[in-house]
Amino acid sequence: MNYNLNLKLILIIPLLLGLVRPDPEPLQDYCIADTTAQHSLFMNGQPCLNPELASPTHFSTSALSKPGNTSGNAYGFSVILTTNQNLPGHRTQGLSMARVDIAPDGLVPPHAHPRASEVTTCIKGDILVGFVDTTNTMYTQRLRPGESFVFPKGLIHFLYNVDQRSPALAISGLSSENPGTQVVPIATFTSKPTMPDIVLEKAFKIDGQEVARIRNHLKG
């Protein structure tokens with residue numbers, strides 16, 4: 001009986017270890033995103049460029065050099081993220097960068113990155129940042145130029161420009177080339193298809209008219 005049990009464990013444990021192993025490490029120095037390829041050999045969404053065709057321009061970008069349009073949404077912020085399109089050489093490296101412009105009194109509303117932790121550095125202005133952990137404890141800090149703050153992976157966080165007159169600028173590093181973003185109010189009230197009104201009414205203790213008003217306001 002014990003022999004059979006031990007034999008089963010010997011056979012099952014390697015299978016379980018195979019299921020819980022982390023993402024594999026890259027098997028090459030880099031994998032430049034070939035954004036023009038037509039074939040279907042994919043790695044993280046796009047095929048790799050022939051390494052013999054690599055150039056320094058694949059590893060550099062000016063995407064973060066210009067301010068974003070903070071008037072493009074109701075909150076007064078803009079985020080420009082490095083991607084396979086504007087920085088092909090960052091693919092498979094497990095990181096990305098973001099430029100965050102915030103208008104005076106603007107807000108990057110509560111949101112989360114399900115696949116990445118984030119470190120934000122204030123470049124210009126006075127920014128109130130914070131996150132809420134899984135015990136509903138809030139951690140906040142005011143950042144001035146040169147100061148940084150870490151947002152742990154998957155936790156809801158925000159950035160608010162305290163200055164009522166001047167814009168703010170932050171640069172963030174994220175631990176994934178595709179961190180993903182869920183903005184809490186947008187995801188909750190403007191999902192497609194929409195979340196049932198009764199769910200929102202009960203969750204936020206509001207009535208149907210308030211649900212409609214919030215939806216219309218967020219949709220602009």
# chains A, B, ... in the order shown; residues from 1 in each chain; ligands from 1
call {"tool": "residues_around", "arguments": {"residues": "region 110-115 of chain A", "least_positions_apart": "4", "cutoff": "8 Å", "atoms": "only C-alpha atoms", "output": "list in words"}}
result
Lys153, Gly154, Leu155, Ile156, His157, Phe158, Ser175, Ser176, Asn178, Pro179, Gly180, Thr181, Gln182, Val183, Val184 and Pro185 of chain A
call {"tool": "residues_around", "arguments": {"residues": "Val162 (chain A)", "least_positions_apart": "2", "cutoff": "12 Å", "atoms": "only C-alpha atoms", "output": "number ranges by chain"}}
result
A: 102-108, 124-129, 141-144, 159-160, 164-169
call {"tool": "residues_around", "arguments": {"residues": "region 81-83 of chain A", "least_positions_apart": "3", "cutoff": "8 Å", "atoms": "only C-alpha atoms", "output": "PDB file with N, CA and C atoms, in the first residue's frame"}}
result
ATOM      1  N   ALA A  63       9.071  58.451 -27.489  1.00  0.00           N
ATOM      2  CA  ALA A  63       7.633  58.471 -27.206  1.00  0.00           C
ATOM      3  C   ALA A  63       7.296  59.212 -25.920  1.00  0.00           C
ATOM      4  N   LEU A  64       8.229  59.221 -24.971  1.00  0.00           N
ATOM      5  CA  LEU A  64       7.952  59.856 -23.679  1.00  0.00           C
ATOM      6  C   LEU A  64       8.478  61.278 -23.596  1.00  0.00           C
ATOM      7  N   ASN A  86       6.301  51.477 -30.285  1.00  0.00           N
ATOM      8  CA  ASN A  86       7.222  52.619 -30.176  1.00  0.00           C
ATOM      9  C   ASN A  86       8.575  52.264 -29.567  1.00  0.00           C
ATOM     10  N   LEU A  87       8.718  51.050 -29.037  1.00  0.00           N
ATOM     11  CA  LEU A  87      10.004  50.596 -28.500  1.00  0.00           C
ATOM     12  C   LEU A  87      10.110  49.084 -28.704  1.00  0.00           C
ATOM     13  N   PRO A  88      10.343  48.631 -29.933  1.00  0.00           N
ATOM     14  CA  PRO A  88      10.310  47.198 -30.243  1.00  0.00           C
ATOM     15  C   PRO A  88      11.276  46.359 -29.412  1.00  0.00           C
ATOM     16  N   HIS A  90      12.013  46.433 -26.357  1.00  0.00           N
ATOM     17  CA  HIS A  90      11.706  46.178 -24.946  1.00  0.00           C
ATOM     18  C   HIS A  90      10.948  44.868 -24.753  1.00  0.00           C
ATOM     19  N   SER A  96       8.337  48.087 -18.700  1.00  0.00           N
ATOM     20  CA  SER A  96       7.866  49.169 -19.557  1.00  0.00           C
ATOM     21  C   SER A  96       7.978  50.468 -18.783  1.00  0.00           C
ATOM     22  N   MET A  97       7.869  51.573 -19.512  1.00  0.00           N
ATOM     23  CA  MET A  97       7.946  52.901 -18.913  1.00  0.00           C
ATOM     24  C   MET A  97       6.699  53.680 -19.301  1.00  0.00           C
ATOM     25  N   ALA A  98       6.353  54.654 -18.467  1.00  0.00           N
ATOM     26  CA  ALA A  98       5.184  55.475 -18.761  1.00  0.00           C
ATOM     27  C   ALA A  98       5.462  56.923 -18.387  1.00  0.00           C
ATOM     28  N   ARG A  99       4.974  57.826 -19.225  1.00  0.00           N
ATOM     29  CA  ARG A  99       4.983  59.248 -18.910  1.00  0.00           C
ATOM     30  C   ARG A  99       3.572  59.617 -18.453  1.00  0.00           C
ATOM     31  N   GLU A 177       6.035  44.216 -19.677  1.00  0.00           N
ATOM     32  CA  GLU A 177       5.935  44.942 -20.946  1.00  0.00           C
ATOM     33  C   GLU A 177       4.478  45.198 -21.312  1.00  0.00           C
ATOM     34  N   ASN A 178       3.564  44.498 -20.650  1.00  0.00           N
ATOM     35  CA  ASN A 178       2.130  44.689 -20.880  1.00  0.00           C
ATOM     36  C   ASN A 178       1.411  44.626 -19.534  1.00  0.00           C
TER      37      ASN A 178
END
call {"tool": "residues_around", "arguments": {"residues": "Asp197 (chain A)", "least_positions_apart": "3", "cutoff": "7 Å", "atoms": "only C-alpha atoms", "output": "list in words"}}
result
Leu200, Glu201, Gly208 and Val211 of chain A
call {"tool": "atom_distance", "arguments": {"atom1": "CA of Ser172 (chain A)", "atom2": "CA of Thr70 (chain A)"}}
result
16.9 Å
call {"tool": "atom_distance", "arguments": {"atom1": "CA of Val132 (chain A)", "atom2": "CA of Val79 (chain A)"}}
result
21.1 Å
call {"tool": "select_by_dssp", "arguments": {"residues": "region 43-210 of chain A", "states": "strand (DSSP E)", "output": "ChimeraX atom specification"}}
result
/A:77-81,96-102,107-112,118-124,127-132,138-143,148-151,156-161,168-174,182-183
call {"tool": "residues_around", "arguments": {"residues": "Gly68 (chain A)", "least_positions_apart": "3", "cutoff": "8 Å", "atoms": "only C-alpha atoms", "output": "PyMOL selection string"}}
result
chain A and resi 78-80+100-101
call {"tool": "atom_distance", "arguments": {"atom1": "CA of His58 (chain A)", "atom2": "CA of Gly89 (chain A)"}}
result
5.1 Å
call {"tool": "closest_residue", "arguments": {"among": "A:Gly173, A:Pro109, A:Gly94, A:Pro56", "to": "Gly76 (chain A)", "atoms": "only C-alpha atoms"}}
result
A:Pro109
